[in-house]
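Participant: Structure file my_file25.txt (compact mmCIF, C-alpha atoms and all ligand atoms) is given on the next line.
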```txt
# COMPACT_ATOMS: atom_id res chain seq x y z
CA MET A 1 -22.79 -122.49 -162.71
CA LYS A 2 -23.37 -124.05 -166.15
CA GLN A 3 -24.83 -127.56 -166.19
CA PRO A 4 -22.70 -129.94 -168.29
CA ILE A 5 -24.25 -130.68 -171.67
CA LEU A 6 -22.52 -134.05 -171.88
CA ILE A 7 -21.20 -136.39 -169.21
CA ALA A 8 -19.20 -139.54 -169.89
CA GLU A 9 -18.48 -141.69 -166.83
CA ASN A 10 -16.38 -144.84 -166.99
CA VAL A 11 -17.32 -145.32 -170.63
CA GLY A 12 -15.89 -148.44 -172.22
CA LEU A 13 -16.51 -150.55 -175.29
CA ALA A 14 -15.30 -153.92 -176.47
CA ILE A 15 -16.21 -155.50 -179.79
CA ASP A 16 -15.56 -159.23 -180.25
CA ASN A 17 -13.53 -159.31 -177.01
CA TYR A 18 -11.30 -156.51 -178.32
CA THR A 19 -11.28 -153.49 -175.99
CA ILE A 20 -11.55 -150.30 -178.02
CA LEU A 21 -12.41 -147.79 -175.28
CA GLN A 22 -11.87 -147.97 -171.54
CA ASP A 23 -12.40 -145.76 -168.48
CA ILE A 24 -13.34 -142.67 -170.45
CA ASN A 25 -14.37 -139.85 -168.12
CA PHE A 26 -15.09 -136.25 -169.02
CA THR A 27 -17.79 -133.61 -168.97
CA VAL A 28 -18.46 -130.98 -171.60
CA ASN A 29 -20.03 -127.61 -170.85
CA PRO A 30 -22.18 -125.53 -173.21
CA GLY A 31 -20.17 -123.44 -175.66
CA GLU A 32 -17.08 -125.62 -175.60
CA PHE A 33 -15.34 -126.46 -178.87
CA VAL A 34 -13.65 -129.77 -178.08
CA GLY A 35 -11.11 -131.29 -180.46
CA ILE A 36 -10.64 -135.05 -180.12
CA ILE A 37 -7.17 -135.92 -181.31
CA GLY A 38 -4.99 -139.00 -181.27
CA PRO A 39 -3.20 -141.44 -183.55
CA ASN A 40 -4.89 -143.77 -186.03
CA GLY A 41 -6.88 -146.44 -184.25
CA ALA A 42 -6.87 -144.58 -180.90
CA GLY A 43 -10.68 -144.85 -180.70
CA LYS A 44 -11.75 -141.31 -181.69
CA SER A 45 -14.55 -142.31 -184.10
CA THR A 46 -15.69 -145.10 -181.79
CA LEU A 47 -15.93 -142.61 -178.93
CA LEU A 48 -18.13 -140.25 -180.97
CA LYS A 49 -20.31 -143.19 -182.08
CA SER A 50 -20.65 -144.31 -178.47
CA LEU A 51 -21.58 -140.81 -177.30
CA ARG A 52 -24.16 -140.68 -180.09
CA GLY A 53 -25.64 -144.04 -179.08
CA ILE A 54 -24.60 -145.89 -182.24
CA HIS A 55 -22.45 -148.24 -180.17
CA SER A 56 -23.80 -149.52 -176.84
CA ALA A 57 -20.94 -148.60 -174.57
CA ILE A 58 -20.78 -149.54 -170.91
CA GLY A 59 -20.64 -146.82 -168.26
CA THR A 60 -22.87 -143.76 -168.13
CA ILE A 61 -23.46 -141.24 -170.90
CA GLU A 62 -25.73 -138.30 -170.18
CA ILE A 63 -26.74 -135.65 -172.69
CA PHE A 64 -28.63 -132.58 -171.47
CA GLY A 65 -29.04 -134.29 -168.10
CA GLU A 66 -30.70 -137.42 -169.54
CA ASN A 67 -29.28 -140.92 -169.73
CA LEU A 68 -28.56 -141.66 -173.40
CA HIS A 69 -29.84 -145.22 -173.11
CA THR A 70 -33.31 -144.04 -172.10
CA LEU A 71 -33.75 -141.85 -175.20
CA SER A 72 -35.27 -142.94 -178.52
CA GLU A 73 -33.38 -142.48 -181.79
CA LYS A 74 -35.56 -139.50 -182.73
CA GLN A 75 -35.12 -137.87 -179.31
CA ILE A 76 -31.33 -138.20 -179.64
CA ALA A 77 -31.45 -136.78 -183.18
CA ARG A 78 -33.21 -133.68 -181.87
CA LYS A 79 -30.44 -133.17 -179.32
CA VAL A 80 -27.30 -134.25 -181.16
CA ALA A 81 -26.34 -133.81 -184.81
CA TYR A 82 -23.64 -136.19 -185.94
CA MET A 83 -21.54 -136.11 -189.09
CA GLN A 84 -19.76 -139.40 -189.48
CA GLN A 85 -16.61 -140.18 -191.39
CA GLU A 86 -17.87 -142.34 -194.23
CA ILE A 87 -21.33 -141.44 -195.42
CA ASN A 88 -23.40 -143.20 -198.02
CA THR A 89 -25.54 -140.47 -199.52
CA GLY A 90 -27.59 -142.77 -201.78
CA PHE A 91 -28.20 -142.15 -205.48
CA GLY A 92 -29.89 -139.34 -207.33
CA PHE A 93 -30.21 -136.89 -204.43
CA SER A 94 -29.50 -133.21 -204.93
CA ALA A 95 -27.51 -131.24 -202.36
CA LYS A 96 -30.71 -129.47 -201.29
CA GLN A 97 -32.48 -132.80 -200.66
CA VAL A 98 -29.55 -134.09 -198.64
CA VAL A 99 -29.44 -130.94 -196.52
CA LEU A 100 -33.21 -130.97 -195.99
CA ALA A 101 -32.89 -134.48 -194.55
CA GLY A 102 -31.41 -132.68 -191.53
CA ARG A 103 -35.01 -131.63 -190.69
CA TYR A 104 -36.38 -135.21 -190.51
CA PRO A 105 -36.09 -135.49 -186.70
CA TYR A 106 -38.72 -132.75 -186.51
CA LEU A 107 -41.19 -134.19 -189.07
CA GLU A 108 -43.77 -136.91 -188.74
CA TRP A 109 -43.83 -139.51 -191.51
CA TRP A 110 -46.85 -137.92 -193.20
CA GLN A 111 -45.44 -134.39 -193.14
CA ASN A 112 -43.55 -132.62 -195.92
CA GLU A 113 -40.90 -130.01 -195.23
CA SER A 114 -42.37 -126.57 -194.52
CA GLU A 115 -41.27 -123.21 -195.86
CA GLU A 116 -39.40 -122.77 -192.59
CA ASP A 117 -37.51 -126.05 -193.10
CA TYR A 118 -36.45 -124.87 -196.56
CA ALA A 119 -35.34 -121.53 -195.15
CA ILE A 120 -33.24 -123.26 -192.47
CA ALA A 121 -31.62 -125.54 -195.07
CA GLU A 122 -30.83 -122.57 -197.31
CA LYS A 123 -29.39 -120.62 -194.38
CA TYR A 124 -26.86 -123.36 -193.61
CA MET A 125 -26.04 -124.04 -197.27
CA LYS A 126 -25.13 -120.38 -197.49
CA PHE A 127 -23.15 -120.71 -194.23
CA THR A 128 -21.00 -123.56 -195.63
CA GLY A 129 -20.76 -121.97 -199.10
CA VAL A 130 -22.73 -124.53 -201.15
CA SER A 131 -25.87 -122.57 -202.15
CA HIS A 132 -24.76 -122.65 -205.77
CA LEU A 133 -24.70 -126.48 -205.67
CA ALA A 134 -28.30 -126.80 -204.42
CA ASP A 135 -29.61 -128.73 -207.45
CA LYS A 136 -26.47 -130.71 -208.19
CA ASP A 137 -26.40 -134.48 -207.64
CA ILE A 138 -24.36 -135.12 -204.48
CA ASN A 139 -22.56 -138.02 -206.15
CA HIS A 140 -21.29 -135.70 -208.87
CA MET A 141 -19.51 -133.43 -206.41
CA SER A 142 -15.90 -133.25 -205.35
CA GLY A 143 -14.96 -134.66 -201.92
CA GLY A 144 -14.70 -131.16 -200.47
CA GLU A 145 -18.02 -129.96 -201.91
CA LYS A 146 -19.76 -133.08 -200.60
CA GLN A 147 -18.31 -132.55 -197.14
CA ARG A 148 -19.56 -128.98 -197.01
CA VAL A 149 -23.03 -130.14 -198.08
CA LEU A 150 -23.00 -132.77 -195.31
CA LEU A 151 -21.91 -130.16 -192.79
CA ALA A 152 -24.84 -127.98 -193.89
CA LYS A 153 -27.13 -130.98 -193.29
CA VAL A 154 -25.77 -131.45 -189.77
CA LEU A 155 -26.25 -127.77 -188.98
CA THR A 156 -29.76 -127.87 -190.45
CA GLN A 157 -30.63 -130.28 -187.65
CA GLU A 158 -30.27 -127.18 -185.40
CA THR A 159 -29.19 -129.09 -182.30
CA ASP A 160 -27.23 -127.51 -179.47
CA LEU A 161 -24.74 -130.39 -179.48
CA ILE A 162 -22.85 -131.31 -182.64
CA PHE A 163 -20.43 -134.20 -183.27
CA LEU A 164 -18.19 -133.94 -186.31
CA ASP A 165 -15.90 -136.79 -187.34
CA GLU A 166 -13.09 -135.39 -189.47
CA PRO A 167 -15.31 -132.93 -191.37
CA THR A 168 -12.31 -131.30 -193.02
CA ALA A 169 -10.58 -134.46 -194.24
CA SER A 170 -10.90 -133.73 -197.96
CA LEU A 171 -11.07 -129.96 -197.79
CA ASP A 172 -8.44 -127.64 -199.17
CA LEU A 173 -6.55 -125.34 -196.78
CA THR A 174 -8.98 -122.43 -197.14
CA TYR A 175 -12.05 -124.51 -196.41
CA GLN A 176 -10.37 -126.40 -193.56
CA GLU A 177 -9.78 -123.11 -191.78
CA GLU A 178 -13.19 -121.81 -192.79
CA ILE A 179 -15.01 -124.81 -191.29
CA PHE A 180 -13.06 -124.47 -188.03
CA ARG A 181 -13.72 -120.75 -187.95
CA GLN A 182 -17.44 -121.35 -188.51
CA CYS A 183 -17.49 -123.99 -185.77
CA LYS A 184 -15.80 -121.59 -183.38
CA GLU A 185 -18.38 -118.94 -184.23
CA LEU A 186 -21.22 -121.43 -183.62
CA CYS A 187 -19.74 -122.21 -180.20
CA ARG A 188 -19.47 -118.52 -179.45
CA GLN A 189 -23.22 -118.36 -180.19
CA GLY A 190 -23.81 -121.13 -177.64
CA LYS A 191 -23.55 -124.43 -179.56
CA THR A 192 -21.26 -127.17 -178.28
CA ILE A 193 -19.09 -129.05 -180.75
CA LEU A 194 -16.98 -132.19 -180.43
CA ILE A 195 -14.79 -132.61 -183.50
CA VAL A 196 -12.42 -135.44 -184.41
CA VAL A 197 -9.40 -133.92 -186.08
CA HIS A 198 -5.97 -135.08 -187.18
CA ASP A 199 -4.39 -131.70 -187.80
CA ILE A 200 -3.00 -130.79 -184.37
CA ARG A 201 -2.09 -127.21 -185.34
CA LEU A 202 -5.59 -126.56 -186.63
CA ALA A 203 -7.08 -128.08 -183.48
CA ALA A 204 -4.80 -126.01 -181.24
CA LYS A 205 -5.60 -122.85 -183.16
CA PHE A 206 -9.39 -123.09 -183.00
CA CYS A 207 -10.52 -125.51 -180.29
CA SER A 208 -11.07 -124.27 -176.74
CA ARG A 209 -10.16 -127.68 -175.36
CA LEU A 210 -8.51 -130.85 -176.58
CA ILE A 211 -8.94 -134.47 -175.56
CA LEU A 212 -6.02 -136.67 -176.58
CA LEU A 213 -6.94 -140.33 -176.95
CA ASN A 214 -4.38 -143.08 -176.97
CA LYS A 215 -5.14 -146.79 -177.17
CA GLY A 216 -8.74 -146.22 -176.13
CA ASN A 217 -7.85 -144.10 -173.06
CA VAL A 218 -7.83 -140.37 -172.42
CA LEU A 219 -4.15 -139.50 -172.24
CA ALA A 220 -4.69 -135.75 -171.75
CA ASP A 221 -7.64 -133.39 -171.51
CA GLY A 222 -7.38 -129.62 -171.18
CA LEU A 223 -6.36 -126.42 -172.90
CA PRO A 224 -4.44 -126.96 -176.17
CA GLU A 225 -1.16 -125.87 -174.53
CA GLU A 226 -1.73 -128.36 -171.69
CA VAL A 227 -2.43 -131.27 -174.06
CA ILE A 228 0.04 -130.57 -176.88
CA THR A 229 3.31 -131.23 -175.10
CA THR A 230 6.50 -132.94 -176.20
CA GLY A 231 5.85 -135.76 -173.71
CA ASN A 232 2.23 -136.36 -174.74
CA LEU A 233 3.08 -136.32 -178.45
CA HIS A 234 5.85 -138.79 -177.87
CA GLN A 235 3.67 -141.10 -175.82
CA ALA A 236 0.70 -141.04 -178.20
CA TYR A 237 2.37 -140.76 -181.61
CA GLN A 238 5.91 -141.97 -180.84
CA MET A 239 6.85 -138.65 -182.38
CA ASN A 240 9.90 -136.51 -181.60
CA ALA A 241 8.60 -132.98 -181.51
CA ALA A 242 9.45 -129.59 -180.12
CA VAL A 243 6.34 -127.63 -179.11
CA PHE A 244 6.63 -123.86 -179.02
CA ASN A 245 4.82 -120.59 -179.63
CA ASN A 246 5.42 -119.56 -183.22
CA TYR A 247 7.06 -116.13 -183.08
CA VAL A 248 5.43 -115.01 -186.34
CA SER A 249 1.88 -116.32 -185.83
CA GLY A 250 1.88 -116.21 -182.02
CA LEU A 251 0.23 -119.66 -182.17
CA LEU A 252 1.22 -122.98 -180.72
CA ASP A 253 3.39 -124.80 -183.24
CA ILE A 254 5.14 -128.14 -183.55
CA TYR A 255 8.45 -129.03 -185.10
CA THR A 256 8.88 -132.75 -185.73
CA TYR A 257 12.19 -134.43 -186.34
CA HIS A 258 13.85 -137.77 -186.72
CA LYS A 259 15.88 -138.82 -183.70
CA GLU A 260 19.32 -140.15 -184.49
CA ASP A 261 21.18 -142.46 -182.17
CA ARG A 262 24.57 -140.89 -181.69
CA ASN A 263 27.26 -141.79 -179.25
CA ASP A 264 28.16 -138.17 -178.45
CA SER A 265 24.58 -137.10 -177.59
CA LYS A 266 23.76 -135.99 -174.04
CA GLN A 267 26.92 -133.85 -173.91
CA ARG A 268 26.58 -130.25 -172.84
CA ILE A 269 27.14 -127.65 -175.55
CA HIS A 270 27.22 -123.93 -174.87
CA ILE A 271 26.67 -121.63 -177.85
CA ILE A 272 27.81 -118.03 -178.00
CA SER A 273 25.95 -116.34 -180.80
CA GLY A 274 23.55 -113.51 -181.63
CA GLY A 275 21.46 -111.94 -184.36
CA GLY A 276 19.78 -115.21 -185.32
CA ILE A 277 23.03 -116.56 -186.75
CA ALA A 278 22.87 -119.87 -184.86
CA SER A 279 19.21 -120.87 -185.36
CA ASP A 280 20.03 -123.75 -187.70
CA LEU A 281 22.83 -124.93 -185.45
CA ILE A 282 20.68 -124.90 -182.30
CA ARG A 283 17.92 -126.86 -184.06
CA LYS A 284 20.36 -129.51 -185.34
CA LEU A 285 22.00 -129.92 -181.93
CA TYR A 286 18.56 -130.23 -180.32
CA GLU A 287 17.60 -132.96 -182.82
CA GLN A 288 20.73 -134.82 -181.81
CA HIS A 289 19.76 -134.52 -178.16
CA TYR A 290 22.65 -132.43 -176.91
CA LYS A 291 22.02 -130.44 -173.77
CA ILE A 292 22.18 -126.90 -175.12
CA SER A 293 22.73 -123.59 -173.41
CA THR A 294 23.20 -120.20 -175.04
CA GLY A 295 24.33 -116.79 -173.97
CA VAL A 296 24.57 -114.00 -173.49
CA LEU A 297 21.77 -112.98 -175.86
CA SER A 298 19.63 -109.85 -176.08
CA THR A 299 15.95 -110.30 -175.27
CA GLY A 300 14.17 -110.70 -178.61
CA ASP A 301 17.26 -111.98 -180.41
CA GLY A 302 16.39 -114.62 -183.06
CA ASP A 303 18.80 -117.11 -181.47
CA ALA A 304 17.15 -116.62 -178.07
CA ILE A 305 13.72 -117.30 -179.60
CA VAL A 306 14.91 -120.48 -181.32
CA ALA A 307 16.86 -121.65 -178.27
CA SER A 308 13.89 -121.24 -175.95
CA ALA A 309 11.63 -123.02 -178.50
CA PHE A 310 14.01 -125.97 -178.26
CA LYS A 311 14.11 -125.80 -174.47
CA ALA A 312 17.71 -124.62 -174.27
CA LYS A 313 18.88 -122.59 -171.31
CA VAL A 314 19.25 -118.95 -172.41
CA ILE A 315 21.11 -116.22 -170.55
CA TYR A 316 19.62 -112.86 -171.44
CA LYS A 317 20.76 -109.30 -171.41
CA GLU A 318 18.74 -106.16 -172.05
CA ALA A 319 18.65 -105.24 -175.75
CA PHE A 320 21.08 -102.36 -176.56
CA ALA A 321 22.71 -102.67 -173.12
CA PRO A 322 26.12 -104.18 -172.33
CA ILE A 323 26.34 -107.62 -170.74
CA ASN A 324 26.31 -107.04 -167.01
CA GLU A 325 28.45 -108.86 -164.46
CA SER A 326 25.74 -111.26 -163.28
CA SER A 327 24.89 -112.40 -166.84
CA SER A 328 28.57 -112.83 -167.57
CA GLU A 329 29.03 -114.86 -164.40
CA GLU A 330 26.15 -117.16 -165.42
CA ASN A 331 27.62 -117.39 -168.90
CA ARG A 332 30.99 -118.47 -167.49
CA MET A 333 29.30 -121.01 -165.25
CA LEU A 334 27.56 -122.64 -168.24
CA ILE A 335 30.73 -122.50 -170.32
CA GLY A 336 32.53 -124.16 -167.43
CA HIS A 337 29.95 -126.96 -167.25
CA ALA A 338 29.83 -127.50 -171.01
CA ASN A 339 31.81 -130.28 -172.67
CA PHE A 340 32.18 -127.95 -175.66
CA THR A 341 31.56 -124.30 -176.37
CA VAL A 342 30.85 -123.01 -179.87
CA LEU A 343 31.68 -119.39 -180.61
CA CYS A 344 29.74 -118.37 -183.70
CA ASN A 345 30.75 -115.96 -186.43
CA ILE A 346 29.25 -112.91 -184.70
CA ALA A 347 30.05 -109.21 -184.83
CA TYR A 348 31.38 -107.56 -181.67
CA GLY A 349 30.43 -104.22 -180.16
CA ILE A 350 30.80 -102.93 -176.64
CA ASN A 351 27.47 -104.54 -175.67
CA ASN A 352 28.57 -108.15 -176.31
CA LEU A 353 32.35 -107.93 -175.95
CA MET A 354 32.13 -109.72 -172.63
CA ASN A 355 31.06 -112.90 -174.51
CA LEU A 356 34.51 -113.01 -176.09
CA LYS A 357 36.24 -112.61 -172.72
CA ASP A 358 34.06 -115.34 -171.19
CA ALA A 359 34.99 -117.79 -173.98
CA PHE A 360 38.55 -118.08 -172.59
CA ILE A 361 37.41 -120.44 -169.84
CA ALA A 362 35.95 -123.07 -172.22
CA LYS A 363 37.41 -126.60 -171.84
CA GLN A 364 37.03 -127.14 -175.57
CA LEU A 365 36.21 -124.23 -177.86
CA ILE A 366 35.13 -124.41 -181.48
CA ILE A 367 35.41 -121.04 -183.18
CA LEU A 368 33.30 -120.68 -186.30
CA GLU A 369 34.95 -118.22 -188.63
CA ASP A 370 33.30 -117.31 -191.92
CA THR A 371 34.53 -113.72 -192.16
CA PRO A 372 37.74 -112.17 -190.81
CA ILE A 373 37.47 -110.69 -187.31
CA GLU A 374 38.46 -107.27 -188.66
CA GLU A 375 35.16 -107.12 -190.55
CA ARG A 376 33.19 -107.94 -187.40
CA ASP A 377 34.98 -105.73 -184.93
CA TYR A 378 33.10 -102.56 -183.91
CA THR A 379 35.22 -101.95 -180.78
CA ASN A 380 38.21 -100.10 -182.22
CA GLY A 381 40.37 -103.23 -182.19
CA GLU A 382 39.64 -104.47 -178.70
CA ALA A 383 37.65 -107.44 -180.02
CA LYS A 384 40.36 -108.32 -182.53
CA HIS A 385 42.98 -108.20 -179.81
CA LEU A 386 41.01 -110.63 -177.62
CA TYR A 387 40.05 -112.84 -180.56
CA ASP A 388 43.67 -113.21 -181.71
CA ALA A 389 44.69 -114.22 -178.20
CA LEU A 390 41.78 -116.66 -177.96
CA ILE A 391 42.59 -118.36 -181.23
CA ARG A 392 46.12 -119.16 -180.00
CA GLN A 393 44.76 -121.18 -177.04
CA SER A 394 45.40 -124.94 -177.20
CA GLN A 395 41.78 -125.89 -176.51
CA VAL A 396 40.60 -124.06 -179.63
CA GLN A 397 39.71 -125.43 -183.03
CA VAL A 398 38.75 -123.05 -185.88
CA MET A 399 36.51 -123.97 -188.78
CA THR A 400 33.77 -122.43 -190.92
CA THR A 401 30.11 -122.78 -190.00
CA ASN A 402 29.61 -125.01 -193.09
CA GLU A 403 32.48 -127.29 -192.09
CA PHE A 404 31.03 -127.56 -188.60
CA MET A 405 27.53 -128.37 -189.87
CA HIS A 406 28.98 -130.96 -192.23
CA LEU A 407 30.94 -132.62 -189.41
CA MET A 408 27.83 -132.68 -187.25
CA GLU A 409 25.90 -134.60 -189.92
CA GLN A 410 28.46 -137.38 -189.76
CA LYS A 411 27.56 -140.32 -187.61
CA ASN A 412 29.89 -139.67 -184.71
CA GLY A 413 29.61 -135.91 -184.81
CA VAL A 414 32.16 -133.20 -184.47
CA PHE A 415 32.54 -133.39 -180.74
CA LYS A 416 34.38 -136.70 -180.77
CA SER A 417 36.80 -135.56 -183.43
CA ILE A 418 38.67 -132.83 -181.59
N1 LIG Y 501 -17.02 -152.25 -185.64
C1 LIG Y 501 -15.79 -152.58 -185.28
N2 LIG Y 501 -15.43 -153.86 -185.10
C2 LIG Y 501 -14.19 -154.22 -184.70
N3 LIG Y 501 -13.21 -153.32 -184.46
C3 LIG Y 501 -13.49 -152.03 -184.64
C4 LIG Y 501 -14.79 -151.58 -185.05
N4 LIG Y 501 -14.76 -150.24 -185.13
C5 LIG Y 501 -13.51 -149.86 -184.80
N5 LIG Y 501 -12.75 -150.93 -184.50
C6 LIG Y 501 -11.34 -150.91 -184.07
O1 LIG Y 501 -11.25 -150.04 -182.97
C7 LIG Y 501 -10.04 -149.28 -183.02
C8 LIG Y 501 -10.37 -147.80 -182.98
O2 LIG Y 501 -11.03 -147.44 -184.19
P1 LIG Y 501 -11.49 -145.95 -184.47
O3 LIG Y 501 -12.06 -145.92 -185.85
O4 LIG Y 501 -12.37 -145.50 -183.37
O5 LIG Y 501 -10.11 -145.20 -184.38
P2 LIG Y 501 -9.76 -143.69 -184.76
O6 LIG Y 501 -9.00 -143.13 -183.61
O7 LIG Y 501 -11.00 -142.95 -185.16
O8 LIG Y 501 -8.80 -143.93 -185.99
P3 LIG Y 501 -8.49 -143.10 -187.33
O9 LIG Y 501 -7.70 -141.90 -186.91
O10 LIG Y 501 -7.67 -144.05 -188.12
O11 LIG Y 501 -9.80 -142.75 -187.98
C9 LIG Y 501 -9.33 -149.71 -184.29
O12 LIG Y 501 -8.36 -150.66 -183.95
C10 LIG Y 501 -10.43 -150.34 -185.12
O13 LIG Y 501 -9.93 -151.35 -185.96
```
Can the structure from this file be put into structure tokens for me?
Facilitator:
Amino acid sequence: MKQPILIAENVGLAIDNYTILQDINFTVNPGEFVGIIGPNGAGKSTLLKSLRGIHSAIGTIEIFGENLHTLSEKQIARKVAYMQQEINTGFGFSAKQVVLAGRYPYLEWWQNESEEDYAIAEKYMKFTGVSHLADKDINHMSGGEKQRVLLAKVLTQETDLIFLDEPTASLDLTYQEEIFRQCKELCRQGKTILIVVHDIRLAAKFCSRLILLNKGNVLADGLPEEVITTGNLHQAYQMNAAVFNNYVSGLLDIYTYHKEDRNDSKQRIHIISGGGIASDLIRKLYEQHYKISTGVLSTGDGDAIVASAFKAKVIYKEAFAPINESSSEENRMLIGHANFTVLCNIAYGINNLMNLKDAFIAKQLIILEDTPIEERDYTNGEAKHLYDALIRQSQVQVMTTNEFMHLMEQKNGVFKSI
């Protein structure tokens, strides 16, 4: 079994009687790429500084099996490289000189850098894409260039444990990804990296593990999908967010929204749709906190993907197969429980005709009609026959999708108005 490279036990820190960190407990194993996330002021930078020995935290911190407090500054610098958030690089130093400073923990005061030190510095300048800036004054560089030079310096320290405090803060999109990709590669080679990061998607995409800090405590610690949850995001960031697997990228994604206080929220809405026609509608209803169910939808249908992303109940059928009796029964049960059912402007074939039959039992039915039924009927008139009968029911209100969306945007919503 791997020995932990870093252990934090009951770590806490107060400055001027103000508690910044408390009861922090975790261990990090070699090769882990740990993203430290959390809202502004959560204590992320202070935690890294404490783990690096810059702040004297209470509790126990062990690196490579040794108590941090027993190690000298130089001993720590040979074990941990640390890139802090705000760095004063001094005046008149070239990028190469700054990067070479990463070798100081290995040099005595009378020694100059060796050929090997230069080769190591050049290797990491190449790695972070700043070789061409070697002779340029660091203070004459852009924020992004400077950050990549400082990352090269940290890597030049050649430690197995690396702490990075927002190293991608002023980088453009390409370099943000590039730095994360390089870090992941370094971890694959055996290094261990703790990185403070604000971009949750980036962290979830690249980090093997996330630690979510909130008000100086660890709120969650685990795999990205265990840490990035609707509940955790709400607790830490007071953010309304749906967390889902992005269908296109296959990656964990977040959709944030503003919660409106509406007096018709919490009602049950059942949506009969298909072919991705109701994605916008499902998202808007979710934002307004309705309890949504959908059905009967083919597996892989765009509406089913959106509905499951927004935690709606979905009744499925096999793609290209008719709705079977058990799916239809479940559909009718949800329609029966719903305060309102919305029948979208879908086309009908023999595979989904049962949806139209099921709609008859709705207590309140809103039919969205953008195109005449004749143009959507692929059942030789059977769908039109049912649809015409349905429309005559007293519990039915017909409107276009646009009219419905417009009504929903109004303060009291459409569901009070019928
Ligand atoms: N030296 C200090 N003296 C007093 N308070 C401090 C000190 N350093 C940090 N703090 C306070 O501790 C809290 C946590 O700060 P920290 O910089 O660790 O947060 P953070 O999670 O890194 O925030 P951000 O995302 O904004 O960078 C903040 O309220 C900050 O004001």
Participant: Point out the residue among A:Asp199, A:Glu113, A:Glu62, A:Asp135 with the least atom-to-atom distance to ligand LIG 501 (chain Y), counting all atoms listed in the file.
Facilitator: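 Among A:Asp199, A:Glu113, A:Glu62, A:Asp135, it is A:Asp199 that comes nearest to ligand LIG 501 (chain Y).
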Participant: Counting all atoms listed in the file, what is within 12 Å of region 390-393 of chain A, bar same-chain residues fewer than 3 positions away, as an NGL selection string?
Facilitator: :A and (343 or 355-369 or 373 or 383-387 or 396-399)
Participant: Which one is closest to Gly274 (chain A): A:Asp303, A:Glu409, A:Glu226, A:Glu185? Count all atoms listed in the file.
Facilitator: A:Asp303
Participant: Sorted by chain and rising residue number, list the residues of chain A at most 6 Å from ligand LIG 501 (chain Y) (counting all atoms listed in the file), each with its closest atom pair and distance in Å to one decimal, as CSV.
Facilitator:
```
residue,atom,partner,partner_atom,distance
A:Ile15,CA,Y:LIG501,C2,5.5
A:Ile20,CA,Y:LIG501,O1,5.0
A:Pro39,CA,Y:LIG501,O9,5.6
A:Asn40,CA,Y:LIG501,O9,3.5
A:Gly41,CA,Y:LIG501,O5,3.5
A:Ala42,CA,Y:LIG501,O6,3.7
A:Gly43,CA,Y:LIG501,O4,3.2
A:Lys44,CA,Y:LIG501,O6,3.8
A:Ser45,CA,Y:LIG501,O7,3.8
A:Thr46,CA,Y:LIG501,O4,3.7
```
Participant: Near Ser279 (chain A), within 8 Å and counting only C-alpha atoms, which residues show up once chain neighbours fewer than 2 positions away are dropped, as a PyMOL selection string?
Facilitator: chain A and resi 276-277+281-283+302-303+306-307
Participant: List as a list in words: which residues have an atom within 6 Å of (11.8, -139.0, -185.4), counting all atoms listed in the file?
Facilitator: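 Within the cut-off we find Met239, Asn240, Tyr257, His258 and Lys259 of chain A.
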Participant: For Asn29 (chain A), please output as a PyMOL selection string all residues within 8 Å (counting all atoms listed in the file; exclusion window: fewer than 5 positions along the same chain).
Facilitator: chain A and resi 2-6+192
Participant: Enter the distance from CA of Phe33 (chain A) to CA of Met83 (chain A), in Å, rounded to one decimal.
Facilitator: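 Separation between CA of Phe33 (chain A) and CA of Met83 (chain A): 15.4 Å.
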Participant: What does the distance from CA of Asn10 (chain A) to CA of Ala57 (chain A) come to in Å, to one decimal?
Facilitator: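 Interatomic distance here is 9.6 Å.
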Participant: Would you kindly return, as an NGL selection string, each protein, DNA or RNA residue with an atom no farther than 12 Å from any atom of region 64-75 of chain A, considering only C-alpha atoms and excluding same-chain residues fewer than 5 positions away?
Facilitator: :A and (2-9 or 27-30 or 50-59 or 80-81 or 102-108 or 157 or 159-161 or 192)
Participant: What would the file look like if the residues just selected were written as a CSV table (one decimal), in the frame of the given file with C-alpha atoms?
Facilitator:
```
chain,number,residue,atom,x,y,z
A,2,LYS,CA,-23.4,-124.0,-166.2
A,3,GLN,CA,-24.8,-127.6,-166.2
A,4,PRO,CA,-22.7,-129.9,-168.3
A,5,ILE,CA,-24.2,-130.7,-171.7
A,6,LEU,CA,-22.5,-134.0,-171.9
A,7,ILE,CA,-21.2,-136.4,-169.2
A,8,ALA,CA,-19.2,-139.5,-169.9
A,9,GLU,CA,-18.5,-141.7,-166.8
A,27,THR,CA,-17.8,-133.6,-169.0
A,28,VAL,CA,-18.5,-131.0,-171.6
A,29,ASN,CA,-20.0,-127.6,-170.8
A,30,PRO,CA,-22.2,-125.5,-173.2
A,50,SER,CA,-20.6,-144.3,-178.5
A,51,LEU,CA,-21.6,-140.8,-177.3
A,52,ARG,CA,-24.2,-140.7,-180.1
A,53,GLY,CA,-25.6,-144.0,-179.1
A,54,ILE,CA,-24.6,-145.9,-182.2
A,55,HIS,CA,-22.4,-148.2,-180.2
A,56,SER,CA,-23.8,-149.5,-176.8
A,57,ALA,CA,-20.9,-148.6,-174.6
A,58,ILE,CA,-20.8,-149.5,-170.9
A,59,GLY,CA,-20.6,-146.8,-168.3
A,80,VAL,CA,-27.3,-134.2,-181.2
A,81,ALA,CA,-26.3,-133.8,-184.8
A,102,GLY,CA,-31.4,-132.7,-191.5
A,103,ARG,CA,-35.0,-131.6,-190.7
A,104,TYR,CA,-36.4,-135.2,-190.5
A,105,PRO,CA,-36.1,-135.5,-186.7
A,106,TYR,CA,-38.7,-132.8,-186.5
A,107,LEU,CA,-41.2,-134.2,-189.1
A,108,GLU,CA,-43.8,-136.9,-188.7
A,157,GLN,CA,-30.6,-130.3,-187.6
A,159,THR,CA,-29.2,-129.1,-182.3
A,160,ASP,CA,-27.2,-127.5,-179.5
A,161,LEU,CA,-24.7,-130.4,-179.5
A,192,THR,CA,-21.3,-127.2,-178.3
```
